[in-house]
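Read through the structure below, which is laid out as C-alpha cells, and then see the notes.
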Amino acid sequence: MLKQRIITALALLAVVLPAMFHASVVPFAALAVVMVSAAGWEWARMNGVPGPAALLVGAGLGGLLLLFWSWGGLDRSWPAIWWVAVGLWLLLSVWMLRRGVVGWQQWPMTLRLTGGLVVLACAWLALVQARQTGLVFLLSVLTLVWAADIAAYAGGRTFGRRKLAPTLSPGKSWEGVFSGLLGVFLLALFWLWFDQRYPSDAPSLFSRLWQAGPGWVVPALLLLTAASVVGDLLESLVKRGAGMKDSSQLLPGHGGVLDRVDALLPVLPVAMLFAHLLER
C-alpha cells in the first residue's frame with residue numbers, strides 16, 4: 001500500500017508541478033478542469049447517480065467550466081461569489097453537522113447533487129484565480145491545508161483523547177484540531193520569513209494578512225483552519241451516507257480526488273475572500 005501511495009504521489013507531482021509553475025495559467029487551469037470534472041463524477045456517484053449518468057455529470061461540469069473560461073470569466077473579479085460561497089459554507093456546515101447523516105439523506109437528490117457541483121465550480125474558480133494572484137499566494141494556501149492536516153494527524157495520534165465527531169470520523173480529536181492550528185501558525189512564521197527573504201509583487205496570504213495589521217492574522221487563521229476541518233468532516237458525512245469508504249479509486253492508494261481536496265473546497269473561497277478584502 002505504501003509503495004502504491006508513493007508511486008501515485010510521484011505521478012501526480014510529475015503532472016501538477018509543471019502546470020503550476022508554468023508562466024501561463026492555461027496549463028494549470030486546464031488540469032484543474034480535469035480534476036474538478038473527476039470530482040464531479042465522484043460526487044454524482046456518492047449521491048446515487050448510476051454509472052454512465054455520473055460520467056455525464058462530471059463531463060457536463062467540465063464543459064460548463066470551459067464555457068465560463070472561454071467567456072472570459074477568469075479575467076474578471078468575483079468578490080460577490082466569495083462572499084456568497086463563504087456564507088453558504090458557514091450555513092451548510094452548521095446545518096449538516098447538527099443534522100448528521102440522516103438529515104443530509106433527507107435532502108432531495110437533485111438539491112444535494114446541484115449543491116455539490118456548485119461548490120466544486122467555486123473551488124475551481126478560486127484555485128485558478130489564486131494562481132493568477134501569484135504562485136507564492138497559491139502555494140501558501142495549499143500548504144496551509146497540508147500543514148493543518150499533517151499537524152492534526154500527528155497531534156491526534158499522540159495526544160488525542162476527546163473525539164471531535166465520533167460518528168463521522170472516529171480518528172479525529174479536538175487535540176488534533178488544536179495541533180493543526182499550531183501547525184498553521186508555525187507555517188505562517190515560515191511564510192513571513194520567506195516573503196522577507198525573497199520579496200515579490202505577489203506575496204503569500206500570510207504576509208498579506210500581516211501587512212493589513214496583526215489583528216487580521218489570528219481571526220483569519222482560525223477561520224481558515226476551521227474551514228479545512230469542516231471540509232474534511234462534511235465529505236466524511238456524505239461518504240457515510242453513501243456507504244462508501246473512499247470517493248473513488250481514481251488515485252491508487254489515496255482514494256479519489258474528493259478524498260484529496262475535501263479540505264481545500266471551503267478554504268479556497270475563504271482565502272480568495274481575504275485576498276479581496278485586503279486589496280481594498
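Naming works like this for the C-alpha cells: A, B, ... for the chains as they're shown, residue 1 at the start of each chain, ligands 1 onward in shown order.
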
Within 8 Å of Leu135 (chain A) using only C-alpha atoms, minus same-chain residues under 3 positions, as a PDB file with N, CA and C atoms, in the first residue's frame:
```
ATOM      1  N   MET A  20       1.633  23.943 -12.599  1.00  0.00           N
ATOM      2  CA  MET A  20       1.558  25.006 -11.592  1.00  0.00           C
ATOM      3  C   MET A  20       2.637  26.062 -11.802  1.00  0.00           C
ATOM      4  N   PHE A  21       3.839  25.622 -12.162  1.00  0.00           N
ATOM      5  CA  PHE A  21       4.964  26.546 -12.288  1.00  0.00           C
ATOM      6  C   PHE A  21       5.092  27.140 -13.693  1.00  0.00           C
ATOM      7  N   ALA A 130      -6.441  32.032  -7.575  1.00  0.00           N
ATOM      8  CA  ALA A 130      -5.320  32.068  -6.633  1.00  0.00           C
ATOM      9  C   ALA A 130      -4.002  31.966  -7.386  1.00  0.00           C
ATOM     10  N   ARG A 131      -3.976  31.117  -8.422  1.00  0.00           N
ATOM     11  CA  ARG A 131      -2.751  31.018  -9.237  1.00  0.00           C
ATOM     12  C   ARG A 131      -2.515  32.306 -10.012  1.00  0.00           C
ATOM     13  N   GLN A 132      -3.582  32.940 -10.488  1.00  0.00           N
ATOM     14  CA  GLN A 132      -3.426  34.219 -11.178  1.00  0.00           C
ATOM     15  C   GLN A 132      -2.935  35.301 -10.228  1.00  0.00           C
ATOM     16  N   LEU A 138      -0.722  31.088  -4.116  1.00  0.00           N
ATOM     17  CA  LEU A 138      -1.353  29.771  -4.250  1.00  0.00           C
ATOM     18  C   LEU A 138      -0.677  28.743  -3.356  1.00  0.00           C
ATOM     19  N   LEU A 139       0.655  28.717  -3.372  1.00  0.00           N
ATOM     20  CA  LEU A 139       1.376  27.743  -2.556  1.00  0.00           C
ATOM     21  C   LEU A 139       1.116  27.961  -1.070  1.00  0.00           C
ATOM     22  N   ALA A 202       3.767  39.490  -5.489  1.00  0.00           N
ATOM     23  CA  ALA A 202       2.596  38.703  -5.095  1.00  0.00           C
ATOM     24  C   ALA A 202       2.966  37.835  -3.899  1.00  0.00           C
TER      25      ALA A 202
END
```

For Ala54 (chain A), please output as a list in words all residues within 6 Å (counting only C-alpha atoms; exclusion window: fewer than 5 positions along the same chain).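 What passes the distance filter is Trp41, Ala44, Arg45 and Val49 of chain A.
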
Preceding selection exported with N, CA, C and O atoms as a compact mmCIF listing (two decimals), in the first residue's frame:
```txt
# COMPACT_ATOMS: atom_id res chain seq x y z
N TRP A 41 -17.79 13.68 -11.07
CA TRP A 41 -18.21 12.30 -11.28
C TRP A 41 -18.32 11.56 -9.95
O TRP A 41 -19.30 10.85 -9.68
N ALA A 44 -21.37 12.75 -8.00
CA ALA A 44 -22.61 12.18 -8.54
C ALA A 44 -22.80 10.75 -8.04
O ALA A 44 -23.90 10.37 -7.62
N ARG A 45 -21.75 9.95 -8.07
CA ARG A 45 -21.84 8.57 -7.59
C ARG A 45 -22.19 8.53 -6.10
O ARG A 45 -22.98 7.69 -5.66
N VAL A 49 -26.29 8.73 -8.27
CA VAL A 49 -26.40 8.76 -9.73
C VAL A 49 -25.68 7.54 -10.29
O VAL A 49 -24.50 7.32 -9.97
```

Find the spatial neighbours of Val34 (chain A), counting only C-alpha atoms, within a cut-off of 12 Å - ignore same-chain residues fewer than 6 positions away - and output them as a PyMOL selection string. chain A and resi 15-16+27-28+40-41+58-63+65-66+120-121+124+257

Mind giving me the straight-line distance from CA of Val141 (chain A) to CA of Ala29 (chain A) in Å, one decimal? 16.5 Å

Find the residues around Trp69 (chain A) up to 12 Å (only C-alpha atoms counted), leave out those fewer than 5 positions away in its own chain, and share them as a short mmCIF file (atom, residue, chain, number, x, y, z; two decimals) with C-alpha atoms, in the first residue's frame.
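For reference, part_26.cif as written:
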```cif
data_model
loop_
_atom_site.label_atom_id
_atom_site.label_comp_id
_atom_site.auth_asym_id
_atom_site.auth_seq_id
_atom_site.Cartn_x
_atom_site.Cartn_y
_atom_site.Cartn_z
CA VAL A 25 -2.07 29.96 -16.11
CA VAL A 26 -3.57 27.97 -19.00
CA ALA A 29 -6.47 25.90 -15.29
CA ALA A 30 -6.92 23.08 -17.80
CA ALA A 32 -7.87 21.87 -12.70
CA VAL A 33 -10.85 21.40 -15.05
CA GLY A 62 -16.13 20.28 -17.01
CA GLY A 63 -17.90 21.57 -20.12
CA LEU A 64 -19.59 24.37 -18.18
CA LEU A 74 -11.16 34.02 -15.39
CA ASP A 75 -10.24 37.58 -16.33
CA ARG A 76 -12.88 39.15 -14.08
CA ALA A 121 -17.20 25.07 -9.58
CA TRP A 124 -12.11 25.61 -9.38
CA LEU A 125 -12.54 29.35 -9.91
CA VAL A 128 -7.29 29.28 -10.75
CA GLN A 129 -7.66 32.86 -9.53
#
```

I need the helix (DSSP H, G or I) residues of region 15-259 of chain A per DSSP on the backbone, written as a PyMOL selection string. chain A and resi 15-21+26-46+51-70+73-75+79-105+109-133+135-159+174-197+205-212+214-242+257-259

Taking 3 positions as the minimum chain separation for residues in the same chain, which residues sit within 10 Å of Met272 (chain A) when counting only C-alpha atoms? Answer as a CSV table (one decimal) with all heavy atoms, in the first residue's frame.
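File written: out-v2.csv
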```csv
chain,number,residue,atom,x,y,z
A,78,TRP,N,-14.4,38.5,-8.9
A,78,TRP,CA,-15.7,37.9,-8.5
A,78,TRP,C,-15.8,38.0,-6.9
A,78,TRP,O,-16.0,37.0,-6.3
A,78,TRP,CB,-15.7,36.5,-8.9
A,78,TRP,CG,-15.7,36.3,-10.4
A,78,TRP,CD1,-14.7,36.0,-11.1
A,78,TRP,CD2,-16.9,36.4,-11.2
A,78,TRP,NE1,-15.0,35.9,-12.5
A,78,TRP,CE2,-16.4,36.1,-12.5
A,78,TRP,CE3,-18.2,36.7,-11.1
A,78,TRP,CZ2,-17.2,36.2,-13.7
A,78,TRP,CZ3,-19.0,36.7,-12.1
A,78,TRP,CH2,-18.5,36.4,-13.4
A,79,PRO,N,-15.7,39.3,-6.4
A,79,PRO,CA,-15.9,39.4,-4.9
A,79,PRO,C,-17.2,38.9,-4.4
A,79,PRO,O,-17.3,38.3,-3.3
A,79,PRO,CB,-15.7,40.9,-4.6
A,79,PRO,CG,-15.9,41.5,-6.0
A,79,PRO,CD,-15.5,40.6,-7.0
A,81,ILE,N,-19.0,36.4,-5.4
A,81,ILE,CA,-19.0,35.0,-5.4
A,81,ILE,C,-18.4,34.5,-4.1
A,81,ILE,O,-18.8,33.6,-3.4
A,81,ILE,CB,-18.3,34.4,-6.6
A,81,ILE,CG1,-19.2,34.5,-7.8
A,81,ILE,CG2,-17.9,32.9,-6.3
A,81,ILE,CD1,-18.6,33.9,-9.1
A,82,TRP,N,-17.3,35.2,-3.7
A,82,TRP,CA,-16.6,34.7,-2.5
A,82,TRP,C,-17.4,35.0,-1.2
A,82,TRP,O,-17.4,34.1,-0.3
A,82,TRP,CB,-15.2,35.4,-2.4
A,82,TRP,CG,-14.4,35.3,-3.6
A,82,TRP,CD1,-13.7,36.3,-4.2
A,82,TRP,CD2,-14.2,34.1,-4.5
A,82,TRP,NE1,-13.1,35.8,-5.4
A,82,TRP,CE2,-13.4,34.5,-5.6
A,82,TRP,CE3,-14.7,32.8,-4.4
A,82,TRP,CZ2,-13.0,33.6,-6.6
A,82,TRP,CZ3,-14.4,31.9,-5.4
A,82,TRP,CH2,-13.5,32.4,-6.5
A,83,TRP,N,-18.1,36.1,-1.2
A,83,TRP,CA,-19.0,36.4,-0.1
A,83,TRP,C,-20.1,35.4,0.0
A,83,TRP,O,-20.4,34.8,1.1
A,83,TRP,CB,-19.6,37.8,-0.2
A,83,TRP,CG,-18.7,38.9,0.2
A,83,TRP,CD1,-18.1,39.8,-0.6
A,83,TRP,CD2,-18.3,39.3,1.6
A,83,TRP,NE1,-17.3,40.7,0.1
A,83,TRP,CE2,-17.5,40.4,1.5
A,83,TRP,CE3,-18.6,38.7,2.8
A,83,TRP,CZ2,-16.9,41.0,2.6
A,83,TRP,CZ3,-18.1,39.3,3.9
A,83,TRP,CH2,-17.3,40.4,3.8
A,86,VAL,N,-18.6,31.7,0.9
A,86,VAL,CA,-18.2,31.6,2.3
A,86,VAL,C,-19.5,31.6,3.2
A,86,VAL,O,-19.6,30.8,4.2
A,86,VAL,CB,-17.3,32.8,2.7
A,86,VAL,CG1,-17.0,32.7,4.3
A,86,VAL,CG2,-15.9,32.6,2.0
A,125,LEU,N,-12.8,27.9,-9.6
A,125,LEU,CA,-12.5,29.3,-9.9
A,125,LEU,C,-11.6,29.9,-8.9
A,125,LEU,O,-10.7,30.7,-9.3
A,125,LEU,CB,-13.9,30.1,-9.9
A,125,LEU,CG,-13.8,31.6,-10.1
A,125,LEU,CD1,-13.2,31.9,-11.5
A,125,LEU,CD2,-15.2,32.3,-10.0
A,126,ALA,N,-11.8,29.6,-7.6
A,126,ALA,CA,-10.9,30.1,-6.6
A,126,ALA,C,-9.5,29.6,-6.8
A,126,ALA,O,-8.5,30.3,-6.6
A,126,ALA,CB,-11.4,29.7,-5.2
A,127,LEU,N,-9.3,28.3,-7.1
A,127,LEU,CA,-8.0,27.7,-7.3
A,127,LEU,C,-7.2,28.4,-8.5
A,127,LEU,O,-6.1,28.8,-8.3
A,127,LEU,CB,-8.1,26.2,-7.7
A,127,LEU,CG,-6.9,25.4,-7.8
A,127,LEU,CD1,-6.1,25.4,-6.5
A,127,LEU,CD2,-7.2,24.0,-8.3
A,129,GLN,N,-7.9,31.4,-9.8
A,129,GLN,CA,-7.7,32.9,-9.5
A,129,GLN,C,-6.6,33.0,-8.4
A,129,GLN,O,-5.9,34.0,-8.4
A,129,GLN,CB,-9.0,33.6,-9.2
A,129,GLN,CG,-9.9,33.6,-10.3
A,129,GLN,CD,-10.8,34.9,-10.3
A,129,GLN,OE1,-11.2,35.4,-9.3
A,129,GLN,NE2,-11.1,35.4,-11.5
A,130,ALA,N,-6.4,32.0,-7.6
A,130,ALA,CA,-5.3,32.1,-6.6
A,130,ALA,C,-4.0,32.0,-7.4
A,130,ALA,O,-3.0,32.7,-7.1
A,130,ALA,CB,-5.4,30.9,-5.6
A,133,THR,N,-3.3,35.2,-9.0
A,133,THR,CA,-2.9,36.2,-8.0
A,133,THR,C,-1.4,36.1,-7.8
A,133,THR,O,-0.7,37.1,-7.6
A,133,THR,CB,-3.6,36.0,-6.6
A,133,THR,OG1,-5.0,36.1,-6.8
A,133,THR,CG2,-3.1,36.9,-5.6
A,141,VAL,N,-1.6,29.0,0.3
A,141,VAL,CA,-3.0,28.5,0.6
A,141,VAL,C,-2.9,26.9,0.7
A,141,VAL,O,-3.5,26.3,1.6
A,141,VAL,CB,-4.0,29.0,-0.4
A,141,VAL,CG1,-5.4,28.3,-0.1
A,141,VAL,CG2,-4.1,30.5,-0.4
A,205,LEU,N,-0.4,34.6,1.3
A,205,LEU,CA,-1.6,35.0,2.0
A,205,LEU,C,-1.2,35.5,3.4
A,205,LEU,O,-1.8,36.5,3.9
A,205,LEU,CB,-2.6,33.9,2.1
A,205,LEU,CG,-3.8,34.1,3.0
A,205,LEU,CD1,-4.7,35.2,2.5
A,205,LEU,CD2,-4.6,32.8,3.1
A,267,VAL,N,-11.7,26.1,2.0
A,267,VAL,CA,-10.5,27.0,2.3
A,267,VAL,C,-10.3,28.0,1.1
A,267,VAL,O,-10.0,29.1,1.3
A,267,VAL,CB,-9.3,26.2,2.6
A,267,VAL,CG1,-8.0,27.1,2.6
A,267,VAL,CG2,-9.4,25.5,3.9
A,268,LEU,N,-10.4,27.5,-0.1
A,268,LEU,CA,-10.1,28.3,-1.3
A,268,LEU,C,-10.9,29.5,-1.4
A,268,LEU,O,-10.4,30.7,-1.5
A,268,LEU,CB,-10.1,27.5,-2.6
A,268,LEU,CG,-9.0,26.5,-2.8
A,268,LEU,CD1,-9.3,25.5,-3.9
A,268,LEU,CD2,-7.7,27.3,-3.2
A,269,PRO,N,-12.3,29.4,-1.3
A,269,PRO,CA,-13.1,30.6,-1.3
A,269,PRO,C,-12.8,31.6,-0.1
A,269,PRO,O,-12.9,32.8,-0.3
A,269,PRO,CB,-14.5,30.1,-1.2
A,269,PRO,CG,-14.5,28.7,-1.7
A,269,PRO,CD,-13.1,28.2,-1.3
A,275,ALA,N,-8.2,37.7,0.2
A,275,ALA,CA,-7.4,38.4,-0.8
A,275,ALA,C,-8.2,39.6,-1.3
A,275,ALA,O,-7.6,40.7,-1.5
A,275,ALA,CB,-7.1,37.5,-1.9
A,276,HIS,N,-9.5,39.5,-1.5
A,276,HIS,CA,-10.3,40.6,-2.0
A,276,HIS,C,-10.4,41.7,-0.9
A,276,HIS,O,-10.2,42.9,-1.2
A,276,HIS,CB,-11.7,40.1,-2.3
A,276,HIS,CG,-12.7,41.2,-2.4
A,276,HIS,ND1,-12.7,42.2,-3.4
A,276,HIS,CD2,-13.8,41.5,-1.6
A,276,HIS,CE1,-13.7,43.0,-3.3
A,276,HIS,NE2,-14.4,42.6,-2.2
A,277,LEU,N,-10.6,41.3,0.3
A,277,LEU,CA,-10.7,42.3,1.4
A,277,LEU,C,-9.4,43.1,1.6
A,277,LEU,O,-9.4,44.3,1.9
A,277,LEU,CB,-11.1,41.7,2.7
A,277,LEU,CG,-12.5,41.1,2.7
A,277,LEU,CD1,-12.8,40.3,4.0
A,277,LEU,CD2,-13.6,42.2,2.6
A,278,LEU,N,-8.3,42.4,1.4
A,278,LEU,CA,-7.0,43.0,1.7
A,278,LEU,C,-6.6,43.9,0.5
A,278,LEU,O,-5.6,44.7,0.7
A,278,LEU,CB,-5.9,42.0,1.9
A,278,LEU,CG,-6.2,41.1,3.2
A,278,LEU,CD1,-5.2,40.0,3.3
A,278,LEU,CD2,-6.2,41.9,4.4
```

Could you check the closest approach to Leu189 (chain A) for each of A:Val101, A:Ser140, A:Tyr153, A:Ser77 and tell me which residue wins, using only C-alpha atoms?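 The closest residue to Leu189 (chain A) is A:Ser140.
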
At a cut-off of 7 Å, using only C-alpha atoms, what residues contact region 162-178 of chain A? Leave out same-chain residues fewer than 6 positions from it and give the result as a PyMOL selection string. chain A and resi 152-153+155-156+233+236-237

Provide the CA of Ala227 (chain A) to CA of Gly87 (chain A) distance in Å, to one decimal place.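 Separating CA of Ala227 (chain A) from CA of Gly87 (chain A) is a distance of 11.8 Å.
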
One decimal, Å: what's the distance from CA of Leu273 (chain A) over to CA of Asp259 (chain A), could you say?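 Calculated distance between CA of Leu273 (chain A) and CA of Asp259 (chain A) is 24.1 Å.
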
Between A:Val217, A:Leu181, A:Ala242, A:Leu142, which residue has the minimum interatomic distance to Ala263 (chain A), considering only C-alpha atoms?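 Going through A:Val217, A:Leu181, A:Ala242, A:Leu142 one by one, the smallest distance to Ala263 (chain A) is for A:Leu142.
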
Using only C-alpha atoms, the residue out of A:Val270, A:Val229, A:Val261, A:Leu250 with shortest distance to Thr8 (chain A) is A:Leu250

Within 10 Å of Leu90 (chain A), counting only C-alpha atoms, which residues show up once you throw out same-chain ones fewer than 6 positions away? Write them as a ChimeraX atom specification, please. /A:84,227,230,266

Go ahead and dump the residues you just picked, N, CA, C and O atoms, as a short mmCIF file (atom, residue, chain, number, x, y, z; two decimals), in the first residue's frame.
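Heads up, here's the output in part03.cif:
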```cif
data_model
loop_
_atom_site.label_atom_id
_atom_site.label_comp_id
_atom_site.auth_asym_id
_atom_site.auth_seq_id
_atom_site.Cartn_x
_atom_site.Cartn_y
_atom_site.Cartn_z
N VAL A 84 -20.72 35.08 -1.11
CA VAL A 84 -21.81 34.10 -1.12
C VAL A 84 -21.30 32.71 -0.78
O VAL A 84 -21.90 31.98 0.02
N ALA A 227 -12.16 25.99 8.48
CA ALA A 227 -12.72 25.61 7.18
C ALA A 227 -12.12 24.31 6.67
O ALA A 227 -12.81 23.46 6.10
N VAL A 230 -13.75 21.48 8.59
CA VAL A 230 -15.14 21.31 8.15
C VAL A 230 -15.22 20.60 6.81
O VAL A 230 -16.04 19.70 6.61
N PRO A 266 -13.62 24.38 0.98
CA PRO A 266 -14.03 25.62 1.65
C PRO A 266 -12.89 26.61 1.86
O PRO A 266 -13.12 27.82 1.91
#
```

Considering only C-alpha atoms, state which residue in the set A:Arg98, A:Arg157, A:Lys239, A:Arg260 is at the smallest distance from Leu12 (chain A).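 Nearest to Leu12 (chain A): A:Arg260.
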